[in-house]
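Accompanying notes for the structure given below.
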Amino acid sequence: MPLTKITSKKEQGHISKKTILYAANIAKEVLGYSLEAEMEIRIGEGFITMHGCPIDNDLKDVPIGEIRPDRKSWISELVLLGVTYSVGFSPFSFRQEKSGRLVHEITPILGKEKSISSNGQVNFKPHADGAFLSRENRPETLSLLCLNNDSETNTKIVGIDSLLSEFNHDEINILASAEFLHIPPETFELSTKTYSEKSSILDRINGVWEVKVATHNSQPKTERAKAVFEKFTILSEEKSHSIRWNPGDLVIFSNFRCLHGRGDINGKRWLQRCYGSSRVHPGYIMDLL
Ligand SMILES: [Fe+2]
């Protein structure tokens, strides 16, 4: 699929490549040596957390839609994008999701309360983002920065290595077989018929297991796949590590080696998210059509 560079300031939310590099330089100065963080994400536990990151002063206007408040300053966006790039991953977005914005407002959207997605309020089971996409197009990392968590909703993360310790050789072989249908989530403006992909849940890349699945949305297509998928879904919740959010907390995790989810949201919650990849330049908008 082609990668398309978009230069429109409007589509990038007024955040240019130059600004991302500038923010990343500040992040590197503050955080120091970053290779350790990058390795922890790539081959270690799969995620890093930071506390007390700078965020904007006036954040009373929690969005009820996908658009950031007009009057908000840009501190949290620069922290999110700058730290992501400083640990080795270029922030990028998809033209077919959230109008190509680099930073996504992750907050319950009015009228989508029942949606099992980042737009909704109901329990969102463990998943990888973009499981229907090829590895080269899938986000390699997700970065999340908390601006408000009045609802006290934790994010849950589980690493694939700890999950697979519960499975025997035969079960792992089934998960690594192309017996599962991956369907685009409703947050992407893509035809589910055209873009659904039959593939595996596990992939062995350079001797390391990687995972792609949405346990609420992917479909096992054989009897043996159904049985293993059920066990996989249950254990992915049971073995999840809960991250308690406070404003200014930031998490970056590998979308290849971890699954993430959350419980119900009751009250205000506002995270900002960006995708990361080492295959594209910062600020790219990927066109999936
Ligand atoms: Fe997600």
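In the structure tokens, the first chain shown is A, the next is B, and so on; residue numbers restart at 1 for each chain, and ligands run from 1 in the order shown.
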For this session: Please provide the set of residues having any atom within 7 Å of region 194-205 of chain A, restricted to only C-alpha atoms, with same-chain residues fewer than 3 positions apart removed, written as a ChimeraX atom specification.
Result: /A:132,175-184,190-191,208-213
For this session: Within region 88-203 of chain A, find each residue whose DSSP state, derived from the backbone, is helix (DSSP H, G or I), and express the selection as a VMD selection string.
Result: chain A and resid 98 to 100 160 to 164 169 to 175 192 to 195
Exercise. Neighbours of Ser76 (chain A) within 10 Å (only C-alpha atoms; same-chain residues fewer than 2 positions away dropped), as a ChimeraX atom specification?
Worked result: /A:53-57,72-74,78-82,103,145-147,248,271-272
Exercise. So which one's closest to Arg95 (chain A), A:Asn255, A:Val158, A:Leu110, A:Leu289? Using only C-alpha atoms, please.
Worked result: A:Leu289
For this session: Based on DSSP run over this structure's backbone, return all residues of region 156-233 of chain A in strand (DSSP E), as a list in words.
Result: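 Here are the strand (DSSP E) residues of region 156-233 of chain A: Lys156, Ile157, Val158, Gly159, Phe180, Leu181, His182, Glu197, Lys198, Ser199, Leu202, Asp203, Arg204, Ile205, Val208, Trp209, Glu210, Val211, Gln219 and Pro220 of chain A.
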Exercise. Could you state the separation of CA of Arg279 (chain A) and CA of Glu66 (chain A) in Å, given to one decimal place?
Worked result: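 Taking CA of Arg279 (chain A) and CA of Glu66 (chain A), their separation equals 26.6 Å.
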For this session: Would you list the residues that come within 12 Å of ligand 1? Count only C-alpha atoms and all ligand atoms and give the answer as a VMD selection string.
Result: chain A and resid 104 106 116 to 120 123 to 131 139 141 to 144 155 to 157 185 to 187 212 to 216 253 to 255 258 to 262 271 to 275
Exercise. Which polymer residues have any atom within 8 Å of an atom of Ser151 (chain A), counting only C-alpha atoms, with same-chain residues fewer than 3 positions away left out, as a count of residues only?
Worked result: 5
Exercise. Which of these, A:Val122, A:Leu35, A:Leu102, A:Ile43, has the shortest distance to Gly88 (chain A) once you count only C-alpha atoms?
Worked result: A:Leu35
Exercise. From the set A:Gly44, A:Ile160, A:Pro282, A:Ile109, which residue has the shortest atom-to-atom contact distance to Ala24 (chain A), counting only C-alpha atoms?
Worked result: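 Smallest distance to Ala24 (chain A) is found for A:Pro282.
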Neighbours of Leu31 (chain A) within 12 Å (only C-alpha atoms; same-chain residues fewer than 2 positions away dropped), as a PDB file with N, CA and C atoms, in the first residue's frame?
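Output file selection_13.pdb follows:
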```
ATOM      1  N   ALA A  24      11.012  16.702  20.062  1.00  0.00           N
ATOM      2  CA  ALA A  24      11.784  15.487  20.393  1.00  0.00           C
ATOM      3  C   ALA A  24      13.150  15.849  20.970  1.00  0.00           C
ATOM      4  N   ASN A  25      13.751  16.918  20.453  1.00  0.00           N
ATOM      5  CA  ASN A  25      15.043  17.351  20.997  1.00  0.00           C
ATOM      6  C   ASN A  25      14.907  17.777  22.454  1.00  0.00           C
ATOM      7  N   ILE A  26      13.823  18.466  22.755  1.00  0.00           N
ATOM      8  CA  ILE A  26      13.588  18.865  24.156  1.00  0.00           C
ATOM      9  C   ILE A  26      13.393  17.612  25.009  1.00  0.00           C
ATOM     10  N   ALA A  27      12.597  16.673  24.499  1.00  0.00           N
ATOM     11  CA  ALA A  27      12.335  15.433  25.254  1.00  0.00           C
ATOM     12  C   ALA A  27      13.646  14.691  25.518  1.00  0.00           C
ATOM     13  N   LYS A  28      14.532  14.643  24.514  1.00  0.00           N
ATOM     14  CA  LYS A  28      15.808  13.933  24.686  1.00  0.00           C
ATOM     15  C   LYS A  28      16.665  14.602  25.760  1.00  0.00           C
ATOM     16  N   GLU A  29      16.643  15.929  25.764  1.00  0.00           N
ATOM     17  CA  GLU A  29      17.430  16.653  26.780  1.00  0.00           C
ATOM     18  C   GLU A  29      16.899  16.382  28.178  1.00  0.00           C
ATOM     19  N   TYR A  33      19.312   9.459  27.902  1.00  0.00           N
ATOM     20  CA  TYR A  33      19.551   8.332  27.000  1.00  0.00           C
ATOM     21  C   TYR A  33      18.237   7.602  26.687  1.00  0.00           C
ATOM     22  N   SER A  34      17.908   7.472  25.409  1.00  0.00           N
ATOM     23  CA  SER A  34      16.596   6.920  25.070  1.00  0.00           C
ATOM     24  C   SER A  34      16.650   5.500  24.513  1.00  0.00           C
ATOM     25  N   LEU A  35      17.855   5.003  24.160  1.00  0.00           N
ATOM     26  CA  LEU A  35      17.941   3.675  23.556  1.00  0.00           C
ATOM     27  C   LEU A  35      17.408   2.605  24.523  1.00  0.00           C
ATOM     28  N   GLU A  36      17.642   2.829  25.792  1.00  0.00           N
ATOM     29  CA  GLU A  36      17.158   1.881  26.796  1.00  0.00           C
ATOM     30  C   GLU A  36      15.626   1.767  26.744  1.00  0.00           C
ATOM     31  N   ALA A  37      14.973   2.925  26.611  1.00  0.00           N
ATOM     32  CA  ALA A  37      13.505   2.930  26.531  1.00  0.00           C
ATOM     33  C   ALA A  37      13.041   2.231  25.255  1.00  0.00           C
ATOM     34  N   MET A  50       5.731   6.827  32.060  1.00  0.00           N
ATOM     35  CA  MET A  50       6.349   8.037  32.613  1.00  0.00           C
ATOM     36  C   MET A  50       5.278   8.776  33.398  1.00  0.00           C
ATOM     37  N   HIS A  51       5.706   9.437  34.446  1.00  0.00           N
ATOM     38  CA  HIS A  51       4.755  10.186  35.272  1.00  0.00           C
ATOM     39  C   HIS A  51       5.179  11.651  35.326  1.00  0.00           C
ATOM     40  N   CYS A  53       4.470  14.196  33.318  1.00  0.00           N
ATOM     41  CA  CYS A  53       4.789  14.909  32.074  1.00  0.00           C
ATOM     42  C   CYS A  53       4.036  16.242  32.045  1.00  0.00           C
ATOM     43  N   VAL A  79       4.369  17.121  23.859  1.00  0.00           N
ATOM     44  CA  VAL A  79       4.974  16.117  24.734  1.00  0.00           C
ATOM     45  C   VAL A  79       4.758  14.719  24.140  1.00  0.00           C
ATOM     46  N   GLY A  82       6.712  14.465  20.785  1.00  0.00           N
ATOM     47  CA  GLY A  82       8.151  14.606  21.020  1.00  0.00           C
ATOM     48  C   GLY A  82       8.733  13.395  21.731  1.00  0.00           C
ATOM     49  N   VAL A  83       8.069  12.923  22.768  1.00  0.00           N
ATOM     50  CA  VAL A  83       8.590  11.758  23.501  1.00  0.00           C
ATOM     51  C   VAL A  83       8.548  10.517  22.600  1.00  0.00           C
ATOM     52  N   THR A  84       7.475  10.354  21.846  1.00  0.00           N
ATOM     53  CA  THR A  84       7.367   9.202  20.940  1.00  0.00           C
ATOM     54  C   THR A  84       8.541   9.167  19.960  1.00  0.00           C
ATOM     55  N   SER A  86      11.381  10.715  20.298  1.00  0.00           N
ATOM     56  CA  SER A  86      12.674  10.660  21.006  1.00  0.00           C
ATOM     57  C   SER A  86      13.061   9.226  21.381  1.00  0.00           C
ATOM     58  N   VAL A  87      12.070   8.321  21.482  1.00  0.00           N
ATOM     59  CA  VAL A  87      12.420   6.926  21.807  1.00  0.00           C
ATOM     60  C   VAL A  87      12.445   6.037  20.558  1.00  0.00           C
TER      61      VAL A  87
END
```
